[in-house]
Amino acid sequence: MTRWPLPDPMKQALDQARAGADRGEVPIGAVIIRDGAVIAAAHNQPRALHDPTAHAEILAIRAAAAALGQERLEGCELWVTLEPCAMCAGAIAHARIARLYYAAPDPKGGAVDHGARVFEQPQCLHRPDVYSGMGEAESANLLRGFFMAKR
């Protein structure tokens with residue numbers, strides 16, 4: 001099996017995840033790219049912000065929308081270290097993100113290829129192109145290590 005180099009945006013998302021872990025947050029990171037440039041990056045912060053919606057994807061979407069001065073992120077790519085949950089998948093659809101790249105699957109809480117499969121629902125008005133698996137091992141190891149240390 002050929003192992004391709006990890007794309008730079010996923011490396012940056014993993015760096016964000018590590019930064020979150022260093023602050024005691026579940027290590028999930030997200031980066032939003034437009035025209036080849038990073039316009040937003042974030043890591044999970046529900047504990048720090050006392051906000052259950054402060055997932056990496058939500059924070060990155062908010063920052064990207066503010067940077068662009070608009071609520072629609074058409075033409076943008078979201079790179080995230082874990083399969084988005086239903087809340088984040090809904091936000092991705094509402095933001096009209098063109099492409100979603102995620103590293104590790106989340107059979108328990110994911111809602112893209114598991115669970116609710118948000119983008120497959122007839123009520124979903126926008127469906128990004130979805131790509132998975134880039135950085136899967138790195139992301140899964142980071143998450144496993146984080147939770148092992150908590151036990």
# chains A, B, ... in the order shown; residues from 1 in each chain; ligands from 1
$ residues_around --residues "segment 46-57 of chain A" --least-positions-apart "4" --cutoff "8 Å" --atoms "only C-alpha atoms" --output "list in words"
Glu25, Ile28, Gly29, Ala30, Val31, Ala42, Ile61, Leu78, Val80, Pro84 and Cys88 of chain A
$ closest_residue --among "A:Cys76, A:Tyr101, A:Ser132, A:Lys11" --to "Ala37 of chain A" --atoms "only C-alpha atoms"
A:Cys76
$ select_by_dssp --residues "segment 11-149 of chain A" --states "helix (DSSP H, G or I)" --output "ChimeraX atom specification"
/A:11-22,46-49,56-68,86-95,118-120,136-149
$ residues_around --residues "Ile32 of chain A" --least-positions-apart "2" --cutoff "7 Å" --atoms "only C-alpha atoms" --output "ChimeraX atom specification"
/A:30,34,38-41,60,64,76-79
$ write_last_selection --atoms "N, CA and C atoms" --output "PDB file, in the first residue's frame"
ATOM      1  N   ALA A  30      -9.623  22.208  12.818  1.00  0.00           N
ATOM      2  CA  ALA A  30     -10.226  22.486  11.520  1.00  0.00           C
ATOM      3  C   ALA A  30      -9.523  23.670  10.866  1.00  0.00           C
ATOM      4  N   ARG A  34      -9.443  28.863   1.074  1.00  0.00           N
ATOM      5  CA  ARG A  34     -10.096  29.439  -0.108  1.00  0.00           C
ATOM      6  C   ARG A  34      -9.002  29.940  -1.041  1.00  0.00           C
ATOM      7  N   VAL A  38      -5.176  29.704   3.667  1.00  0.00           N
ATOM      8  CA  VAL A  38      -5.919  29.481   4.910  1.00  0.00           C
ATOM      9  C   VAL A  38      -6.614  30.783   5.283  1.00  0.00           C
ATOM     10  N   ILE A  39      -7.924  30.732   5.452  1.00  0.00           N
ATOM     11  CA  ILE A  39      -8.664  31.928   5.889  1.00  0.00           C
ATOM     12  C   ILE A  39      -9.174  31.784   7.318  1.00  0.00           C
ATOM     13  N   ALA A  40      -9.135  30.551   7.855  1.00  0.00           N
ATOM     14  CA  ALA A  40      -9.561  30.340   9.240  1.00  0.00           C
ATOM     15  C   ALA A  40      -9.005  29.011   9.737  1.00  0.00           C
ATOM     16  N   ALA A  41      -8.708  28.981  11.023  1.00  0.00           N
ATOM     17  CA  ALA A  41      -8.238  27.758  11.669  1.00  0.00           C
ATOM     18  C   ALA A  41      -8.735  27.791  13.112  1.00  0.00           C
ATOM     19  N   ALA A  60     -14.242  27.610  13.137  1.00  0.00           N
ATOM     20  CA  ALA A  60     -13.575  27.921  11.866  1.00  0.00           C
ATOM     21  C   ALA A  60     -14.553  28.549  10.878  1.00  0.00           C
ATOM     22  N   ALA A  64     -14.117  32.200   9.272  1.00  0.00           N
ATOM     23  CA  ALA A  64     -14.049  32.359   7.816  1.00  0.00           C
ATOM     24  C   ALA A  64     -15.125  33.310   7.319  1.00  0.00           C
ATOM     25  N   CYS A  76     -15.028  27.346  -0.728  1.00  0.00           N
ATOM     26  CA  CYS A  76     -14.117  27.034   0.383  1.00  0.00           C
ATOM     27  C   CYS A  76     -14.043  25.531   0.626  1.00  0.00           C
ATOM     28  N   GLU A  77     -12.923  25.132   1.202  1.00  0.00           N
ATOM     29  CA  GLU A  77     -12.699  23.746   1.629  1.00  0.00           C
ATOM     30  C   GLU A  77     -12.557  23.741   3.139  1.00  0.00           C
ATOM     31  N   LEU A  78     -13.164  22.760   3.787  1.00  0.00           N
ATOM     32  CA  LEU A  78     -12.996  22.569   5.221  1.00  0.00           C
ATOM     33  C   LEU A  78     -12.214  21.279   5.434  1.00  0.00           C
ATOM     34  N   TRP A  79     -11.106  21.395   6.136  1.00  0.00           N
ATOM     35  CA  TRP A  79     -10.273  20.248   6.501  1.00  0.00           C
ATOM     36  C   TRP A  79     -10.401  20.068   8.001  1.00  0.00           C
TER      37      TRP A  79
END
$ closest_atom_pairs --of "segment 16-35 of chain A" --to "segment 140-145 of chain A" --cutoff "10 Å" --atoms "only C-alpha atoms" --output "CSV"
residue,atom,partner,partner_atom,distance
A:Ala17,CA,A:Leu142,CA,8.2
A:Arg18,CA,A:Leu142,CA,7.7
A:Ala21,CA,A:Leu142,CA,8.7
A:Val26,CA,A:Leu143,CA,7.3
A:Pro27,CA,A:Leu143,CA,6.1
A:Ile28,CA,A:Leu143,CA,8.1
$ write_last_selection --atoms "N, CA, C and O atoms" --output "PDB file, in the first residue's frame"
ATOM      1  N   ALA A  17      -5.530  20.630  16.368  1.00  0.00           N
ATOM      2  CA  ALA A  17      -6.019  19.611  17.307  1.00  0.00           C
ATOM      3  C   ALA A  17      -5.050  19.461  18.476  1.00  0.00           C
ATOM      4  O   ALA A  17      -5.484  19.382  19.636  1.00  0.00           O
ATOM      5  N   ARG A  18      -3.756  19.449  18.183  1.00  0.00           N
ATOM      6  CA  ARG A  18      -2.752  19.339  19.250  1.00  0.00           C
ATOM      7  C   ARG A  18      -2.816  20.552  20.187  1.00  0.00           C
ATOM      8  O   ARG A  18      -2.691  20.420  21.404  1.00  0.00           O
ATOM      9  N   ALA A  21      -5.658  20.002  22.488  1.00  0.00           N
ATOM     10  CA  ALA A  21      -5.312  18.986  23.497  1.00  0.00           C
ATOM     11  C   ALA A  21      -4.435  19.592  24.589  1.00  0.00           C
ATOM     12  O   ALA A  21      -4.620  19.293  25.771  1.00  0.00           O
ATOM     13  N   VAL A  26     -10.876  18.319  23.736  1.00  0.00           N
ATOM     14  CA  VAL A  26     -10.811  17.137  22.881  1.00  0.00           C
ATOM     15  C   VAL A  26     -10.084  17.559  21.607  1.00  0.00           C
ATOM     16  O   VAL A  26     -10.417  18.574  20.993  1.00  0.00           O
ATOM     17  N   PRO A  27      -9.041  16.816  21.214  1.00  0.00           N
ATOM     18  CA  PRO A  27      -8.177  17.244  20.108  1.00  0.00           C
ATOM     19  C   PRO A  27      -8.790  17.092  18.719  1.00  0.00           C
ATOM     20  O   PRO A  27      -8.567  16.109  18.013  1.00  0.00           O
ATOM     21  N   ILE A  28      -9.552  18.091  18.342  1.00  0.00           N
ATOM     22  CA  ILE A  28     -10.112  18.168  16.998  1.00  0.00           C
ATOM     23  C   ILE A  28      -9.755  19.542  16.457  1.00  0.00           C
ATOM     24  O   ILE A  28      -9.942  20.553  17.146  1.00  0.00           O
TER      25      ILE A  28
END
$ residues_around --residues "Arg127 of chain A" --least-positions-apart "6" --cutoff "12 Å" --atoms "only C-alpha atoms" --output "MDAnalysis selection string"
chainID A and resid 74 89:100 112 117:121
$ write_last_selection --atoms "N, CA, C and O atoms" --output "tab-separated table (two decimals), in the first residue's frame"
chain	number	residue	atom	x	y	z
A	74	GLU	N	-18.93	29.70	-0.19
A	74	GLU	CA	-18.83	29.02	-1.49
A	74	GLU	C	-17.39	29.07	-1.97
A	74	GLU	O	-16.70	30.07	-1.82
A	89	ALA	N	-22.17	19.24	10.60
A	89	ALA	CA	-22.57	18.94	9.23
A	89	ALA	C	-23.67	19.90	8.77
A	89	ALA	O	-23.64	20.38	7.63
A	90	GLY	N	-24.61	20.21	9.66
A	90	GLY	CA	-25.64	21.18	9.33
A	90	GLY	C	-25.05	22.56	9.05
A	90	GLY	O	-25.44	23.23	8.08
A	91	ALA	N	-24.09	22.97	9.84
A	91	ALA	CA	-23.44	24.27	9.63
A	91	ALA	C	-22.65	24.28	8.31
A	91	ALA	O	-22.65	25.28	7.60
A	92	ILE	N	-22.02	23.17	7.98
A	92	ILE	CA	-21.29	23.05	6.71
A	92	ILE	C	-22.24	23.23	5.54
A	92	ILE	O	-21.95	23.95	4.58
A	93	ALA	N	-23.40	22.60	5.62
A	93	ALA	CA	-24.40	22.73	4.56
A	93	ALA	C	-24.91	24.17	4.47
A	93	ALA	O	-24.99	24.73	3.38
A	94	HIS	N	-25.23	24.78	5.62
A	94	HIS	CA	-25.74	26.15	5.62
A	94	HIS	C	-24.70	27.14	5.10
A	94	HIS	O	-25.05	28.13	4.45
A	95	ALA	N	-23.42	26.87	5.37
A	95	ALA	CA	-22.35	27.76	4.91
A	95	ALA	C	-22.03	27.56	3.43
A	95	ALA	O	-21.29	28.34	2.86
A	96	ARG	N	-22.57	26.50	2.85
A	96	ARG	CA	-22.33	26.18	1.43
A	96	ARG	C	-20.85	25.89	1.14
A	96	ARG	O	-20.34	26.27	0.09
A	97	ILE	N	-20.19	25.22	2.07
A	97	ILE	CA	-18.80	24.84	1.86
A	97	ILE	C	-18.74	23.84	0.70
A	97	ILE	O	-19.54	22.91	0.64
A	98	ALA	N	-17.80	24.05	-0.21
A	98	ALA	CA	-17.73	23.25	-1.43
A	98	ALA	C	-17.19	21.83	-1.19
A	98	ALA	O	-17.72	20.87	-1.74
A	99	ARG	N	-16.12	21.73	-0.39
A	99	ARG	CA	-15.49	20.43	-0.18
A	99	ARG	C	-15.17	20.24	1.30
A	99	ARG	O	-14.68	21.16	1.95
A	100	LEU	N	-15.44	19.04	1.78
A	100	LEU	CA	-15.13	18.65	3.16
A	100	LEU	C	-14.13	17.52	3.11
A	100	LEU	O	-14.35	16.51	2.44
A	112	VAL	N	-21.73	12.28	8.87
A	112	VAL	CA	-21.50	12.41	7.43
A	112	VAL	C	-21.59	11.03	6.79
A	112	VAL	O	-22.44	10.79	5.94
A	117	ARG	N	-26.12	10.85	8.69
A	117	ARG	CA	-25.75	11.06	7.28
A	117	ARG	C	-26.47	12.30	6.74
A	117	ARG	O	-27.24	12.24	5.77
A	118	VAL	N	-26.18	13.41	7.35
A	118	VAL	CA	-26.88	14.67	7.10
A	118	VAL	C	-26.95	15.03	5.62
A	118	VAL	O	-27.99	15.44	5.12
A	119	PHE	N	-25.85	14.88	4.90
A	119	PHE	CA	-25.83	15.31	3.50
A	119	PHE	C	-26.66	14.42	2.58
A	119	PHE	O	-26.95	14.80	1.45
A	120	GLU	N	-27.06	13.26	3.07
A	120	GLU	CA	-27.90	12.35	2.27
A	120	GLU	C	-29.39	12.59	2.48
A	120	GLU	O	-30.22	12.00	1.78
A	121	GLN	N	-29.75	13.44	3.41
A	121	GLN	CA	-31.16	13.69	3.72
A	121	GLN	C	-31.78	14.61	2.67
A	121	GLN	O	-31.14	15.56	2.22
$ closest_residue --among "A:Asp113, A:Asp129, A:Asp35, A:Glu138" --to "Cys85 of chain A" --atoms "only C-alpha atoms"
A:Asp113
$ select_by_dssp --residues "chain A" --states "strand (DSSP E)" --output "PyMOL selection string"
chain A and resi 29-34+37-43+76-82+99-104+129-132
$ write_last_selection --atoms "N, CA and C atoms" --output "mmCIF file, in the first residue's frame"
data_model
loop_
_atom_site.group_PDB
_atom_site.id
_atom_site.type_symbol
_atom_site.label_atom_id
_atom_site.label_comp_id
_atom_site.auth_asym_id
_atom_site.auth_seq_id
_atom_site.Cartn_x
_atom_site.Cartn_y
_atom_site.Cartn_z
ATOM 1 N N GLY A 29 -9.222 19.557 15.242
ATOM 2 C CA GLY A 29 -8.832 20.814 14.622
ATOM 3 C C GLY A 29 -9.458 20.957 13.252
ATOM 4 N N ALA A 30 -9.623 22.208 12.818
ATOM 5 C CA ALA A 30 -10.226 22.486 11.520
ATOM 6 C C ALA A 30 -9.523 23.670 10.866
ATOM 7 N N VAL A 31 -9.444 23.608 9.545
ATOM 8 C CA VAL A 31 -8.849 24.677 8.752
ATOM 9 C C VAL A 31 -9.758 24.913 7.553
ATOM 10 N N ILE A 32 -9.989 26.167 7.219
ATOM 11 C CA ILE A 32 -10.762 26.500 6.019
ATOM 12 C C ILE A 32 -9.841 27.189 5.023
ATOM 13 N N ILE A 33 -9.889 26.672 3.790
ATOM 14 C CA ILE A 33 -9.033 27.134 2.700
ATOM 15 C C ILE A 33 -9.916 27.761 1.619
ATOM 16 N N ARG A 34 -9.443 28.863 1.074
ATOM 17 C CA ARG A 34 -10.096 29.439 -0.108
ATOM 18 C C ARG A 34 -9.002 29.940 -1.041
ATOM 19 N N ALA A 37 -5.397 29.491 0.103
ATOM 20 C CA ALA A 37 -4.912 30.166 1.311
ATOM 21 C C ALA A 37 -5.794 29.826 2.508
ATOM 22 N N VAL A 38 -5.176 29.704 3.667
ATOM 23 C CA VAL A 38 -5.919 29.481 4.910
ATOM 24 C C VAL A 38 -6.614 30.783 5.283
ATOM 25 N N ILE A 39 -7.924 30.732 5.452
ATOM 26 C CA ILE A 39 -8.664 31.928 5.889
ATOM 27 C C ILE A 39 -9.174 31.784 7.318
ATOM 28 N N ALA A 40 -9.135 30.551 7.855
ATOM 29 C CA ALA A 40 -9.561 30.340 9.240
ATOM 30 C C ALA A 40 -9.005 29.011 9.737
ATOM 31 N N ALA A 41 -8.708 28.981 11.023
ATOM 32 C CA ALA A 41 -8.238 27.758 11.669
ATOM 33 C C ALA A 41 -8.735 27.791 13.112
ATOM 34 N N ALA A 42 -9.091 26.618 13.631
ATOM 35 C CA ALA A 42 -9.616 26.570 14.997
ATOM 36 C C ALA A 42 -9.476 25.159 15.559
ATOM 37 N N HIS A 43 -9.587 25.078 16.865
ATOM 38 C CA HIS A 43 -9.658 23.784 17.551
ATOM 39 C C HIS A 43 -10.854 23.824 18.482
ATOM 40 N N CYS A 76 -15.028 27.346 -0.728
ATOM 41 C CA CYS A 76 -14.117 27.034 0.383
ATOM 42 C C CYS A 76 -14.043 25.531 0.626
ATOM 43 N N GLU A 77 -12.923 25.132 1.202
ATOM 44 C CA GLU A 77 -12.699 23.746 1.629
ATOM 45 C C GLU A 77 -12.557 23.741 3.139
ATOM 46 N N LEU A 78 -13.164 22.760 3.787
ATOM 47 C CA LEU A 78 -12.996 22.569 5.221
ATOM 48 C C LEU A 78 -12.214 21.279 5.434
ATOM 49 N N TRP A 79 -11.106 21.395 6.136
ATOM 50 C CA TRP A 79 -10.273 20.248 6.501
ATOM 51 C C TRP A 79 -10.401 20.068 8.001
ATOM 52 N N VAL A 80 -10.840 18.887 8.445
ATOM 53 C CA VAL A 80 -11.069 18.650 9.870
ATOM 54 C C VAL A 80 -10.547 17.260 10.239
ATOM 55 N N THR A 81 -10.108 17.120 11.474
ATOM 56 C CA THR A 81 -9.443 15.890 11.890
ATOM 57 C C THR A 81 -10.379 14.754 12.255
ATOM 58 N N LEU A 82 -11.673 15.031 12.434
ATOM 59 C CA LEU A 82 -12.636 13.988 12.781
ATOM 60 C C LEU A 82 -13.920 14.219 12.002
ATOM 61 N N ARG A 99 -16.124 21.729 -0.392
ATOM 62 C CA ARG A 99 -15.490 20.432 -0.177
ATOM 63 C C ARG A 99 -15.171 20.242 1.297
ATOM 64 N N LEU A 100 -15.439 19.037 1.782
ATOM 65 C CA LEU A 100 -15.133 18.650 3.156
ATOM 66 C C LEU A 100 -14.125 17.516 3.109
ATOM 67 N N TYR A 101 -13.019 17.692 3.822
ATOM 68 C CA TYR A 101 -12.011 16.655 3.976
ATOM 69 C C TYR A 101 -11.939 16.338 5.460
ATOM 70 N N TYR A 102 -12.137 15.079 5.822
ATOM 71 C CA TYR A 102 -11.958 14.732 7.235
ATOM 72 C C TYR A 102 -11.037 13.537 7.358
ATOM 73 N N ALA A 103 -10.291 13.513 8.470
ATOM 74 C CA ALA A 103 -9.273 12.491 8.671
ATOM 75 C C ALA A 103 -9.871 11.179 9.174
ATOM 76 N N ALA A 104 -10.334 11.169 10.412
ATOM 77 C CA ALA A 104 -10.788 9.930 11.040
ATOM 78 C C ALA A 104 -12.313 9.830 11.045
ATOM 79 N N ASP A 129 -18.737 18.146 -1.591
ATOM 80 C CA ASP A 129 -17.989 16.950 -1.966
ATOM 81 C C ASP A 129 -17.268 16.508 -0.701
ATOM 82 N N VAL A 130 -17.289 15.220 -0.405
ATOM 83 C CA VAL A 130 -16.702 14.709 0.837
ATOM 84 C C VAL A 130 -15.570 13.745 0.515
ATOM 85 N N TYR A 131 -14.437 13.955 1.192
ATOM 86 C CA TYR A 131 -13.259 13.100 1.060
ATOM 87 C C TYR A 131 -12.799 12.745 2.475
ATOM 88 N N SER A 132 -12.445 11.491 2.682
ATOM 89 C CA SER A 132 -12.033 11.097 4.032
ATOM 90 C C SER A 132 -10.775 10.250 3.987
#
$ residues_around --residues "His114 of chain A" --least-positions-apart "6" --cutoff "9 Å" --atoms "only C-alpha atoms" --output "compact mmCIF listing (two decimals) with C-alpha atoms, in the first residue's frame"
# COMPACT_ATOMS: atom_id res chain seq x y z
CA GLU A 83 -15.86 13.24 10.93
CA PRO A 105 -14.28 8.44 10.92
CA ASP A 106 -16.49 8.75 14.00
CA PRO A 107 -18.91 5.79 14.12
CA LYS A 108 -20.41 7.00 17.44
$ decode --residues "segment 26-39 of chain A" --atoms "all heavy atoms" --output "PDB file, in the first residue's frame"
ATOM      1  N   VAL A  26     -10.876  18.319  23.736  1.00  0.00           N
ATOM      2  CA  VAL A  26     -10.811  17.137  22.881  1.00  0.00           C
ATOM      3  C   VAL A  26     -10.084  17.559  21.607  1.00  0.00           C
ATOM      4  O   VAL A  26     -10.417  18.574  20.993  1.00  0.00           O
ATOM      5  CB  VAL A  26     -12.223  16.597  22.560  1.00  0.00           C
ATOM      6  CG1 VAL A  26     -12.154  15.456  21.561  1.00  0.00           C
ATOM      7  CG2 VAL A  26     -12.906  16.141  23.844  1.00  0.00           C
ATOM      8  N   PRO A  27      -9.041  16.816  21.214  1.00  0.00           N
ATOM      9  CA  PRO A  27      -8.177  17.244  20.108  1.00  0.00           C
ATOM     10  C   PRO A  27      -8.790  17.092  18.719  1.00  0.00           C
ATOM     11  O   PRO A  27      -8.567  16.109  18.013  1.00  0.00           O
ATOM     12  CB  PRO A  27      -6.935  16.365  20.266  1.00  0.00           C
ATOM     13  CG  PRO A  27      -7.439  15.134  20.919  1.00  0.00           C
ATOM     14  CD  PRO A  27      -8.561  15.587  21.821  1.00  0.00           C
ATOM     15  N   ILE A  28      -9.552  18.091  18.342  1.00  0.00           N
ATOM     16  CA  ILE A  28     -10.112  18.168  16.998  1.00  0.00           C
ATOM     17  C   ILE A  28      -9.755  19.542  16.457  1.00  0.00           C
ATOM     18  O   ILE A  28      -9.942  20.553  17.146  1.00  0.00           O
ATOM     19  CB  ILE A  28     -11.639  17.959  17.000  1.00  0.00           C
ATOM     20  CG1 ILE A  28     -11.967  16.581  17.576  1.00  0.00           C
ATOM     21  CG2 ILE A  28     -12.204  18.113  15.584  1.00  0.00           C
ATOM     22  CD1 ILE A  28     -13.428  16.350  17.848  1.00  0.00           C
ATOM     23  N   GLY A  29      -9.222  19.557  15.242  1.00  0.00           N
ATOM     24  CA  GLY A  29      -8.832  20.814  14.622  1.00  0.00           C
ATOM     25  C   GLY A  29      -9.458  20.957  13.252  1.00  0.00           C
ATOM     26  O   GLY A  29      -9.765  19.961  12.594  1.00  0.00           O
ATOM     27  N   ALA A  30      -9.623  22.208  12.818  1.00  0.00           N
ATOM     28  CA  ALA A  30     -10.226  22.486  11.520  1.00  0.00           C
ATOM     29  C   ALA A  30      -9.523  23.670  10.866  1.00  0.00           C
ATOM     30  O   ALA A  30      -9.091  24.600  11.549  1.00  0.00           O
ATOM     31  CB  ALA A  30     -11.709  22.798  11.679  1.00  0.00           C
ATOM     32  N   VAL A  31      -9.444  23.608   9.545  1.00  0.00           N
ATOM     33  CA  VAL A  31      -8.849  24.677   8.752  1.00  0.00           C
ATOM     34  C   VAL A  31      -9.758  24.913   7.553  1.00  0.00           C
ATOM     35  O   VAL A  31     -10.246  23.957   6.940  1.00  0.00           O
ATOM     36  CB  VAL A  31      -7.428  24.283   8.271  1.00  0.00           C
ATOM     37  CG1 VAL A  31      -6.862  25.309   7.314  1.00  0.00           C
ATOM     38  CG2 VAL A  31      -6.494  24.094   9.456  1.00  0.00           C
ATOM     39  N   ILE A  32      -9.989  26.167   7.219  1.00  0.00           N
ATOM     40  CA  ILE A  32     -10.762  26.500   6.019  1.00  0.00           C
ATOM     41  C   ILE A  32      -9.841  27.189   5.023  1.00  0.00           C
ATOM     42  O   ILE A  32      -9.119  28.123   5.372  1.00  0.00           O
ATOM     43  CB  ILE A  32     -11.987  27.369   6.350  1.00  0.00           C
ATOM     44  CG1 ILE A  32     -12.948  26.565   7.243  1.00  0.00           C
ATOM     45  CG2 ILE A  32     -12.689  27.825   5.060  1.00  0.00           C
ATOM     46  CD1 ILE A  32     -14.231  27.264   7.606  1.00  0.00           C
ATOM     47  N   ILE A  33      -9.889  26.672   3.790  1.00  0.00           N
ATOM     48  CA  ILE A  33      -9.033  27.134   2.700  1.00  0.00           C
ATOM     49  C   ILE A  33      -9.916  27.761   1.619  1.00  0.00           C
ATOM     50  O   ILE A  33     -10.972  27.223   1.282  1.00  0.00           O
ATOM     51  CB  ILE A  33      -8.284  25.937   2.057  1.00  0.00           C
ATOM     52  CG1 ILE A  33      -7.512  25.135   3.102  1.00  0.00           C
ATOM     53  CG2 ILE A  33      -7.408  26.379   0.909  1.00  0.00           C
ATOM     54  CD1 ILE A  33      -6.320  25.796   3.658  1.00  0.00           C
ATOM     55  N   ARG A  34      -9.443  28.863   1.074  1.00  0.00           N
ATOM     56  CA  ARG A  34     -10.096  29.439  -0.108  1.00  0.00           C
ATOM     57  C   ARG A  34      -9.002  29.940  -1.041  1.00  0.00           C
ATOM     58  O   ARG A  34      -8.091  30.648  -0.610  1.00  0.00           O
ATOM     59  CB  ARG A  34     -11.025  30.575   0.263  1.00  0.00           C
ATOM     60  CG  ARG A  34     -11.778  31.095  -0.958  1.00  0.00           C
ATOM     61  CD  ARG A  34     -12.866  32.026  -0.548  1.00  0.00           C
ATOM     62  NE  ARG A  34     -13.680  32.370  -1.698  1.00  0.00           N
ATOM     63  CZ  ARG A  34     -14.612  33.288  -1.679  1.00  0.00           C
ATOM     64  NH1 ARG A  34     -14.873  33.928  -0.559  1.00  0.00           N
ATOM     65  NH2 ARG A  34     -15.305  33.564  -2.759  1.00  0.00           N
ATOM     66  N   ASP A  35      -9.099  29.539  -2.305  1.00  0.00           N
ATOM     67  CA  ASP A  35      -8.098  29.921  -3.311  1.00  0.00           C
ATOM     68  C   ASP A  35      -6.688  29.580  -2.852  1.00  0.00           C
ATOM     69  O   ASP A  35      -5.750  30.354  -3.045  1.00  0.00           O
ATOM     70  CB  ASP A  35      -8.208  31.411  -3.647  1.00  0.00           C
ATOM     71  CG  ASP A  35      -9.554  31.779  -4.241  1.00  0.00           C
ATOM     72  OD1 ASP A  35     -10.145  30.931  -4.952  1.00  0.00           O
ATOM     73  OD2 ASP A  35     -10.033  32.905  -3.984  1.00  0.00           O
ATOM     74  N   GLY A  36      -6.537  28.433  -2.198  1.00  0.00           N
ATOM     75  CA  GLY A  36      -5.230  27.947  -1.779  1.00  0.00           C
ATOM     76  C   GLY A  36      -4.670  28.573  -0.513  1.00  0.00           C
ATOM     77  O   GLY A  36      -3.575  28.227  -0.090  1.00  0.00           O
ATOM     78  N   ALA A  37      -5.397  29.491   0.103  1.00  0.00           N
ATOM     79  CA  ALA A  37      -4.912  30.166   1.311  1.00  0.00           C
ATOM     80  C   ALA A  37      -5.794  29.826   2.508  1.00  0.00           C
ATOM     81  O   ALA A  37      -7.016  29.708   2.383  1.00  0.00           O
ATOM     82  CB  ALA A  37      -4.903  31.676   1.096  1.00  0.00           C
ATOM     83  N   VAL A  38      -5.176  29.704   3.667  1.00  0.00           N
ATOM     84  CA  VAL A  38      -5.919  29.481   4.910  1.00  0.00           C
ATOM     85  C   VAL A  38      -6.614  30.783   5.283  1.00  0.00           C
ATOM     86  O   VAL A  38      -5.968  31.827   5.397  1.00  0.00           O
ATOM     87  CB  VAL A  38      -4.980  29.042   6.053  1.00  0.00           C
ATOM     88  CG1 VAL A  38      -5.737  28.960   7.369  1.00  0.00           C
ATOM     89  CG2 VAL A  38      -4.327  27.717   5.736  1.00  0.00           C
ATOM     90  N   ILE A  39      -7.924  30.732   5.452  1.00  0.00           N
ATOM     91  CA  ILE A  39      -8.664  31.928   5.889  1.00  0.00           C
ATOM     92  C   ILE A  39      -9.174  31.784   7.318  1.00  0.00           C
ATOM     93  O   ILE A  39      -9.579  32.768   7.920  1.00  0.00           O
ATOM     94  CB  ILE A  39      -9.802  32.305   4.920  1.00  0.00           C
ATOM     95  CG1 ILE A  39     -10.836  31.185   4.801  1.00  0.00           C
ATOM     96  CG2 ILE A  39      -9.249  32.697   3.559  1.00  0.00           C
ATOM     97  CD1 ILE A  39     -12.102  31.610   4.085  1.00  0.00           C
TER      98      ILE A  39
END
